[in-house]
Amino acid sequence: MSRRKTRPRPAPARQAAPAVTPESPCPCGLDAAYGACCGRFHSGTGGGAPTAELLMRSRYSAFVVRDEAYLLRSWAPETRPATVDFDPGMRWTGLEIESTTDGTPFHQHGTVTFTAHYAHGAERGEMHERSRFSRHEGAWVYVDGDVDA
């Protein structure tokens, strides 16, 4: 009986993350360069985000630049997935913070309601979410969220 060798399957094509440099405008929408804004949290040079809103903004920017390590680091251990599956056809195009509740340096919990705009091929859309954040070992982390359809 002969055995057929199976050929290794090629990895699915991944679309490169958008080119964002430290001097680029920050994807989160604040009036600052990426390196001085969310990039400092992604690289670890800026410590942790001091508020739930800044953590939300930095996580949005991490989706833009496809920084899986930062997303997992800033996710509460009890709800953190093993990996983050980025849709290669998804391009995040803007963030609007609609409201925040608590989430300051003086709180243990907070919420951020936002709209994230995206393009998926020729389709344009938006995602609305009310995200919950809490402190874990002193740092703000994303717990979970309710997405409006």
# chains A, B, ... in the order shown; residues from 1 in each chain; ligands from 1
>>> closest_atom_pairs(of="region 73-130 of chain A", to="region 40-55 of chain A", cutoff="10 Å", atoms="only C-alpha atoms", output="Markdown table")
| residue | atom | partner | partner_atom | distance |
| --- | --- | --- | --- | --- |
| A:Arg73 | CA | A:His42 | CA | 9.5 |
| A:Ser74 | CA | A:Leu55 | CA | 7.9 |
| A:Ile97 | CA | A:Glu53 | CA | 8.2 |
| A:Ser99 | CA | A:Glu53 | CA | 9.2 |
| A:Thr100 | CA | A:Glu53 | CA | 7.0 |
| A:Thr101 | CA | A:Ala52 | CA | 9.0 |
| A:Asp102 | CA | A:Ala52 | CA | 8.1 |
| A:Gly103 | CA | A:Ala52 | CA | 4.7 |
| A:Thr104 | CA | A:Thr51 | CA | 4.9 |
| A:Pro105 | CA | A:Thr51 | CA | 5.8 |
| A:Phe106 | CA | A:Thr51 | CA | 9.0 |
| A:His107 | CA | A:Thr51 | CA | 8.9 |
| A:Gln108 | CA | A:Ala52 | CA | 9.7 |
| A:His109 | CA | A:Ala52 | CA | 8.1 |
| A:Gly110 | CA | A:Ala52 | CA | 6.2 |
| A:Thr111 | CA | A:Ala52 | CA | 7.1 |
| A:Val112 | CA | A:Glu53 | CA | 6.2 |
| A:Thr113 | CA | A:Glu53 | CA | 9.2 |
| A:Phe114 | CA | A:Glu53 | CA | 9.7 |
>>> select_by_dssp(residues="region 34-138 of chain A", states="strand (DSSP E)", output="mmCIF file with N, CA, C and O atoms, in the first residue's frame")
data_model
loop_
_atom_site.group_PDB
_atom_site.id
_atom_site.type_symbol
_atom_site.label_atom_id
_atom_site.label_comp_id
_atom_site.auth_asym_id
_atom_site.auth_seq_id
_atom_site.Cartn_x
_atom_site.Cartn_y
_atom_site.Cartn_z
ATOM 1 N N MET A 90 -10.745 43.929 6.311
ATOM 2 C CA MET A 90 -11.293 45.016 7.134
ATOM 3 C C MET A 90 -10.275 46.132 7.290
ATOM 4 O O MET A 90 -9.113 45.892 7.609
ATOM 5 N N ARG A 91 -10.735 47.355 7.063
ATOM 6 C CA ARG A 91 -9.884 48.537 7.290
ATOM 7 C C ARG A 91 -10.671 49.490 8.172
ATOM 8 O O ARG A 91 -11.754 49.943 7.804
ATOM 9 N N TRP A 92 -10.160 49.777 9.358
ATOM 10 C CA TRP A 92 -10.811 50.689 10.293
ATOM 11 C C TRP A 92 -10.504 52.112 9.863
ATOM 12 O O TRP A 92 -9.354 52.450 9.614
ATOM 13 N N THR A 93 -11.547 52.965 9.790
ATOM 14 C CA THR A 93 -11.370 54.291 9.193
ATOM 15 C C THR A 93 -11.673 55.460 10.110
ATOM 16 O O THR A 93 -11.473 56.604 9.714
ATOM 17 N N GLY A 94 -12.150 55.214 11.321
ATOM 18 C CA GLY A 94 -12.420 56.326 12.223
ATOM 19 C C GLY A 94 -13.082 55.881 13.506
ATOM 20 O O GLY A 94 -13.752 54.849 13.545
ATOM 21 N N LEU A 95 -12.901 56.655 14.548
ATOM 22 C CA LEU A 95 -13.441 56.345 15.871
ATOM 23 C C LEU A 95 -14.125 57.577 16.439
ATOM 24 O O LEU A 95 -13.570 58.676 16.389
ATOM 25 N N GLU A 96 -15.320 57.381 16.974
ATOM 26 C CA GLU A 96 -16.038 58.441 17.693
ATOM 27 C C GLU A 96 -16.384 57.918 19.074
ATOM 28 O O GLU A 96 -17.043 56.884 19.196
ATOM 29 N N ILE A 97 -15.951 58.620 20.100
ATOM 30 C CA ILE A 97 -16.333 58.288 21.470
ATOM 31 C C ILE A 97 -17.636 59.028 21.747
ATOM 32 O O ILE A 97 -17.702 60.254 21.635
ATOM 33 N N GLU A 98 -18.670 58.291 22.100
ATOM 34 C CA GLU A 98 -19.982 58.893 22.336
ATOM 35 C C GLU A 98 -20.208 59.235 23.801
ATOM 36 O O GLU A 98 -20.800 60.258 24.109
ATOM 37 N N SER A 99 -19.765 58.359 24.693
ATOM 38 C CA SER A 99 -19.917 58.649 26.121
ATOM 39 C C SER A 99 -18.987 57.760 26.930
ATOM 40 O O SER A 99 -18.544 56.714 26.463
ATOM 41 N N THR A 100 -18.710 58.221 28.140
ATOM 42 C CA THR A 100 -17.938 57.424 29.096
ATOM 43 C C THR A 100 -18.636 57.505 30.445
ATOM 44 O O THR A 100 -19.300 58.489 30.766
ATOM 45 N N THR A 101 -18.491 56.449 31.219
ATOM 46 C CA THR A 101 -18.997 56.417 32.587
ATOM 47 C C THR A 101 -17.855 55.935 33.465
ATOM 48 O O THR A 101 -17.278 54.873 33.206
ATOM 49 N N ASP A 102 -17.533 56.711 34.461
ATOM 50 C CA ASP A 102 -16.426 56.390 35.364
ATOM 51 C C ASP A 102 -15.157 56.164 34.538
ATOM 52 O O ASP A 102 -14.921 56.874 33.584
ATOM 53 N N HIS A 109 -13.890 50.597 37.726
ATOM 54 C CA HIS A 109 -14.655 50.124 36.568
ATOM 55 C C HIS A 109 -15.037 51.327 35.724
ATOM 56 O O HIS A 109 -15.103 52.453 36.233
ATOM 57 N N GLY A 110 -15.334 51.079 34.469
ATOM 58 C CA GLY A 110 -15.773 52.148 33.595
ATOM 59 C C GLY A 110 -16.366 51.585 32.320
ATOM 60 O O GLY A 110 -16.178 50.401 31.996
ATOM 61 N N THR A 111 -17.111 52.419 31.626
ATOM 62 C CA THR A 111 -17.655 52.035 30.325
ATOM 63 C C THR A 111 -17.327 53.127 29.312
ATOM 64 O O THR A 111 -17.193 54.308 29.665
ATOM 65 N N VAL A 112 -17.208 52.708 28.065
ATOM 66 C CA VAL A 112 -16.997 53.633 26.964
ATOM 67 C C VAL A 112 -17.920 53.185 25.837
ATOM 68 O O VAL A 112 -17.880 52.031 25.421
ATOM 69 N N THR A 113 -18.761 54.104 25.381
ATOM 70 C CA THR A 113 -19.631 53.834 24.240
ATOM 71 C C THR A 113 -19.040 54.542 23.038
ATOM 72 O O THR A 113 -18.684 55.724 23.120
ATOM 73 N N PHE A 114 -18.903 53.799 21.934
ATOM 74 C CA PHE A 114 -18.221 54.360 20.778
ATOM 75 C C PHE A 114 -18.830 53.838 19.480
ATOM 76 O O PHE A 114 -19.570 52.854 19.468
ATOM 77 N N THR A 115 -18.474 54.521 18.405
ATOM 78 C CA THR A 115 -18.766 54.065 17.047
ATOM 79 C C THR A 115 -17.439 53.983 16.314
ATOM 80 O O THR A 115 -16.674 54.952 16.296
ATOM 81 N N ALA A 116 -17.156 52.811 15.747
ATOM 82 C CA ALA A 116 -15.955 52.614 14.938
ATOM 83 C C ALA A 116 -16.403 52.458 13.489
ATOM 84 O O ALA A 116 -17.272 51.644 13.187
ATOM 85 N N HIS A 117 -15.812 53.235 12.617
ATOM 86 C CA HIS A 117 -16.146 53.195 11.190
ATOM 87 C C HIS A 117 -15.153 52.287 10.472
ATOM 88 O O HIS A 117 -13.982 52.229 10.848
ATOM 89 N N TYR A 118 -15.647 51.595 9.440
ATOM 90 C CA TYR A 118 -14.783 50.679 8.714
ATOM 91 C C TYR A 118 -15.136 50.618 7.238
ATOM 92 O O TYR A 118 -16.211 51.061 6.814
ATOM 93 N N ALA A 119 -14.204 50.063 6.482
ATOM 94 C CA ALA A 119 -14.425 49.718 5.083
ATOM 95 C C ALA A 119 -14.063 48.244 4.953
ATOM 96 O O ALA A 119 -13.053 47.788 5.499
ATOM 97 N N HIS A 120 -14.916 47.513 4.292
ATOM 98 C CA HIS A 120 -14.657 46.093 4.027
ATOM 99 C C HIS A 120 -14.881 45.902 2.541
ATOM 100 O O HIS A 120 -16.021 45.816 2.102
ATOM 101 N N GLU A 123 -17.697 47.937 0.725
ATOM 102 C CA GLU A 123 -18.733 48.209 1.736
ATOM 103 C C GLU A 123 -18.187 49.132 2.819
ATOM 104 O O GLU A 123 -17.073 48.970 3.304
ATOM 105 N N ARG A 124 -18.986 50.105 3.197
ATOM 106 C CA ARG A 124 -18.659 50.995 4.321
ATOM 107 C C ARG A 124 -19.661 50.708 5.433
ATOM 108 O O ARG A 124 -20.820 50.429 5.175
ATOM 109 N N GLY A 125 -19.205 50.803 6.661
ATOM 110 C CA GLY A 125 -20.110 50.540 7.765
ATOM 111 C C GLY A 125 -19.590 51.108 9.059
ATOM 112 O O GLY A 125 -18.562 51.788 9.101
ATOM 113 N N GLU A 126 -20.326 50.808 10.113
ATOM 114 C CA GLU A 126 -19.914 51.246 11.442
ATOM 115 C C GLU A 126 -20.349 50.216 12.461
ATOM 116 O O GLU A 126 -21.322 49.488 12.247
ATOM 117 N N MET A 127 -19.594 50.153 13.526
ATOM 118 C CA MET A 127 -19.887 49.250 14.631
ATOM 119 C C MET A 127 -20.082 50.102 15.874
ATOM 120 O O MET A 127 -19.249 50.952 16.180
ATOM 121 N N HIS A 128 -21.189 49.884 16.569
ATOM 122 C CA HIS A 128 -21.482 50.595 17.821
ATOM 123 C C HIS A 128 -21.280 49.603 18.962
ATOM 124 O O HIS A 128 -21.781 48.490 18.908
ATOM 125 N N GLU A 129 -20.560 50.027 19.996
ATOM 126 C CA GLU A 129 -20.344 49.139 21.137
ATOM 127 C C GLU A 129 -20.314 49.937 22.426
ATOM 128 O O GLU A 129 -19.836 51.067 22.460
ATOM 129 N N ARG A 130 -20.820 49.322 23.469
ATOM 130 C CA ARG A 130 -20.663 49.829 24.838
ATOM 131 C C ARG A 130 -19.716 48.847 25.514
ATOM 132 O O ARG A 130 -20.088 47.709 25.806
ATOM 133 N N SER A 131 -18.469 49.281 25.700
ATOM 134 C CA SER A 131 -17.423 48.418 26.253
ATOM 135 C C SER A 131 -17.301 48.607 27.750
ATOM 136 O O SER A 131 -17.428 49.717 28.258
ATOM 137 N N ARG A 132 -17.002 47.508 28.440
ATOM 138 C CA ARG A 132 -16.792 47.529 29.881
ATOM 139 C C ARG A 132 -15.304 47.302 30.165
ATOM 140 O O ARG A 132 -14.672 46.441 29.557
ATOM 141 N N PHE A 133 -14.801 48.094 31.098
ATOM 142 C CA PHE A 133 -13.400 48.041 31.492
ATOM 143 C C PHE A 133 -13.309 47.898 32.998
ATOM 144 O O PHE A 133 -14.199 48.347 33.728
ATOM 145 N N SER A 134 -12.244 47.293 33.462
ATOM 146 C CA SER A 134 -11.993 47.212 34.904
ATOM 147 C C SER A 134 -10.482 47.248 35.116
ATOM 148 O O SER A 134 -9.703 47.178 34.176
ATOM 149 N N ARG A 135 -10.128 47.344 36.374
ATOM 150 C CA ARG A 135 -8.712 47.329 36.728
ATOM 151 C C ARG A 135 -8.300 45.888 37.015
ATOM 152 O O ARG A 135 -9.013 45.144 37.677
ATOM 153 N N HIS A 136 -7.137 45.524 36.497
ATOM 154 C CA HIS A 136 -6.542 44.224 36.798
ATOM 155 C C HIS A 136 -5.093 44.493 37.177
ATOM 156 O O HIS A 136 -4.329 45.035 36.370
#
>>> select_by_dssp(residues="region 20-109 of chain A", states="helix (DSSP H, G or I)", output="JSON, numbers by chain")
{"A": [34, 35, 36, 38, 39, 40, 41, 42, 43, 52, 53, 54, 55, 56, 57, 58, 59, 60, 61, 62, 63, 64, 65, 68, 69, 70, 71, 72, 73]}
>>> atom_distance(atom1="CA of Val20 (chain A)", atom2="CA of Pro77 (chain A)")
28.4 Å
>>> atom_distance(atom1="CA of Ser24 (chain A)", atom2="CA of Thr83 (chain A)")
27.1 Å
>>> residues_around(residues="Cys26 (chain A)", least_positions_apart="5", cutoff="12 Å", atoms="only C-alpha atoms", output="VMD selection string")
chain A and resid 19 to 21 31 to 40 57 to 62 64 to 65 93 to 95
>>> atom_distance(atom1="CA of Asp67 (chain A)", atom2="CA of Pro27 (chain A)")
13.0 Å
